Amino acid sequence: EIEDVNQVLETRLDHTSSEISKLRQDLEDMKREAMTDALTGIANRKAFDLKLRDCAMQAMENGKKLSLLLIDIDYFKTFNDTHGHQAGDQVIRLMAQTLHQNVKGRDTAARYGGEEFAVILPNTGLGCARQLAEHIRRNIEHRTVVSRNSHQELGKVTVSIGVSTFEFGEPLGSFIERADKALYLAKAKGRNRVATERQIIKSSKTSPVSQTDIDKQRYA
């Protein structure tokens, strides 16, 4: 009788352990889903915020550089209005795919919001970050969007990219804001180009772009 009881208890324990493992896996899947953009499959804004905070803390601990790219699809609203939302979604997925192919290792690509993307680059200075941004820009520029339904060529898309480097101890909002200003400087200067935080200062001294001009590009 004792052996029978033990057998029943072992069976119940095995079943409970299996249930616990399944619950843990379900929880991990839910966490992963909560951190993933549904349309593109890359990190979403929440994941970006958490990762940027962690990378900033690590940068201050190890004294290494941390850079950020903010990327915006040029004239996306016009493309979306002309070809429809499905074609617009296709462009966004193409952008995410390009980032996935070009961002490796500890770097993190995320959909920042709408047609805007971000790339977090630990252990990377401004110069190397700019080189990667140019590489991404060229990759996008050379691709042609083809309708999945009609197989008709819809044209090419381009991106503008802003680059900034983290200053130890600064608020993350300031870090992001510099990349944002560089991004919209790139758009104000003609789009399909990369601008860095250094160019913000240089531009303001030589041929200044007003905040009104930058705001116009932001909503164009």
# chains A, B, ... in the order shown; residues from 1 in each chain; ligands from 1
call {"tool": "residues_around", "arguments": {"residues": "range 197-201 of chain A", "least_positions_apart": "6", "cutoff": "12 Å", "atoms": "only C-alpha atoms", "output": "MDAnalysis selection string"}}
result
chainID A and resid 67:70 126:127 129:130 161:167 174:186 188:189 207:211 214
call {"tool": "residues_around", "arguments": {"residues": "Glu61 in chain A", "least_positions_apart": "6", "cutoff": "12 Å", "atoms": "only C-alpha atoms", "output": "list in words"}}
result
Asp54, Cys55, Asn123, Phe168 and Gly169 of chain A
call {"tool": "write_last_selection", "arguments": {"atoms": "N, CA and C atoms", "output": "short mmCIF file (atom, residue, chain, number, x, y, z; two decimals), in the first residue's frame"}}
result
data_model
loop_
_atom_site.label_atom_id
_atom_site.label_comp_id
_atom_site.auth_asym_id
_atom_site.auth_seq_id
_atom_site.Cartn_x
_atom_site.Cartn_y
_atom_site.Cartn_z
N ASP A 54 19.81 49.79 -19.63
CA ASP A 54 20.82 48.81 -19.22
C ASP A 54 22.17 49.11 -19.87
N CYS A 55 22.15 49.48 -21.14
CA CYS A 55 23.40 49.76 -21.85
C CYS A 55 24.08 51.02 -21.30
N ASN A 123 29.62 49.91 -26.85
CA ASN A 123 31.05 49.83 -27.19
C ASN A 123 31.34 50.43 -28.58
N PHE A 168 28.47 60.27 -20.17
CA PHE A 168 28.30 59.59 -18.90
C PHE A 168 27.54 60.46 -17.89
N GLY A 169 26.49 59.89 -17.32
CA GLY A 169 25.73 60.56 -16.28
C GLY A 169 24.59 61.42 -16.76
#
call {"tool": "select_by_dssp", "arguments": {"residues": "range 97-200 of chain A", "states": "helix (DSSP H, G or I)", "output": "number ranges by chain"}}
result
A: 97-102, 126-141, 172-188, 197-200
call {"tool": "write_last_selection", "arguments": {"atoms": "C-alpha atoms", "output": "PDB file, in the first residue's frame"}}
result
ATOM      1  CA  GLN A  97      14.590  43.220 -42.206  1.00  0.00           C
ATOM      2  CA  THR A  98      17.448  45.446 -43.350  1.00  0.00           C
ATOM      3  CA  LEU A  99      18.278  46.373 -39.759  1.00  0.00           C
ATOM      4  CA  HIS A 100      18.131  42.729 -38.711  1.00  0.00           C
ATOM      5  CA  GLN A 101      20.612  41.842 -41.462  1.00  0.00           C
ATOM      6  CA  ASN A 102      23.033  44.662 -40.649  1.00  0.00           C
ATOM      7  CA  LEU A 126      30.429  58.312 -32.941  1.00  0.00           C
ATOM      8  CA  GLY A 127      32.652  57.619 -35.969  1.00  0.00           C
ATOM      9  CA  CYS A 128      31.888  53.891 -36.158  1.00  0.00           C
ATOM     10  CA  ALA A 129      28.208  54.555 -35.468  1.00  0.00           C
ATOM     11  CA  ARG A 130      28.131  56.972 -38.392  1.00  0.00           C
ATOM     12  CA  GLN A 131      29.751  54.393 -40.663  1.00  0.00           C
ATOM     13  CA  LEU A 132      27.091  51.830 -39.762  1.00  0.00           C
ATOM     14  CA  ALA A 133      24.379  54.427 -40.332  1.00  0.00           C
ATOM     15  CA  GLU A 134      25.754  55.122 -43.817  1.00  0.00           C
ATOM     16  CA  HIS A 135      25.861  51.397 -44.526  1.00  0.00           C
ATOM     17  CA  ILE A 136      22.214  51.026 -43.500  1.00  0.00           C
ATOM     18  CA  ARG A 137      21.206  54.088 -45.533  1.00  0.00           C
ATOM     19  CA  ARG A 138      22.871  52.734 -48.681  1.00  0.00           C
ATOM     20  CA  ASN A 139      21.289  49.308 -48.230  1.00  0.00           C
ATOM     21  CA  ILE A 140      17.823  50.836 -48.070  1.00  0.00           C
ATOM     22  CA  GLU A 141      18.500  53.203 -50.967  1.00  0.00           C
ATOM     23  CA  LEU A 172      18.720  59.341 -21.336  1.00  0.00           C
ATOM     24  CA  GLY A 173      16.216  61.885 -22.650  1.00  0.00           C
ATOM     25  CA  SER A 174      19.094  64.205 -23.561  1.00  0.00           C
ATOM     26  CA  PHE A 175      20.943  61.372 -25.310  1.00  0.00           C
ATOM     27  CA  ILE A 176      17.861  60.549 -27.408  1.00  0.00           C
ATOM     28  CA  GLU A 177      17.095  64.220 -28.045  1.00  0.00           C
ATOM     29  CA  ARG A 178      20.494  64.809 -29.681  1.00  0.00           C
ATOM     30  CA  ALA A 179      19.967  61.873 -32.020  1.00  0.00           C
ATOM     31  CA  ASP A 180      16.477  63.203 -32.747  1.00  0.00           C
ATOM     32  CA  LYS A 181      17.794  66.675 -33.578  1.00  0.00           C
ATOM     33  CA  ALA A 182      20.496  65.174 -35.798  1.00  0.00           C
ATOM     34  CA  LEU A 183      17.837  63.099 -37.564  1.00  0.00           C
ATOM     35  CA  TYR A 184      15.701  66.089 -38.380  1.00  0.00           C
ATOM     36  CA  LEU A 185      18.754  68.090 -39.389  1.00  0.00           C
ATOM     37  CA  ALA A 186      19.399  65.338 -41.958  1.00  0.00           C
ATOM     38  CA  LYS A 187      15.821  65.689 -43.163  1.00  0.00           C
ATOM     39  CA  ALA A 188      16.042  69.474 -43.269  1.00  0.00           C
ATOM     40  CA  GLU A 197      25.270  65.447 -33.066  1.00  0.00           C
ATOM     41  CA  ARG A 198      28.467  67.297 -34.034  1.00  0.00           C
ATOM     42  CA  GLN A 199      26.783  68.637 -37.155  1.00  0.00           C
ATOM     43  CA  ILE A 200      24.028  70.207 -35.045  1.00  0.00           C
TER      44      ILE A 200
END
call {"tool": "residues_around", "arguments": {"residues": "Asp72 in chain A", "least_positions_apart": "5", "cutoff": "7 Å", "atoms": "only C-alpha atoms", "output": "PyMOL selection string"}}
result
chain A and resi 115-117+159-161
call {"tool": "atom_distance", "arguments": {"atom1": "CA of His85 in chain A", "atom2": "CA of Leu154 in chain A"}}
result
13.0 Å
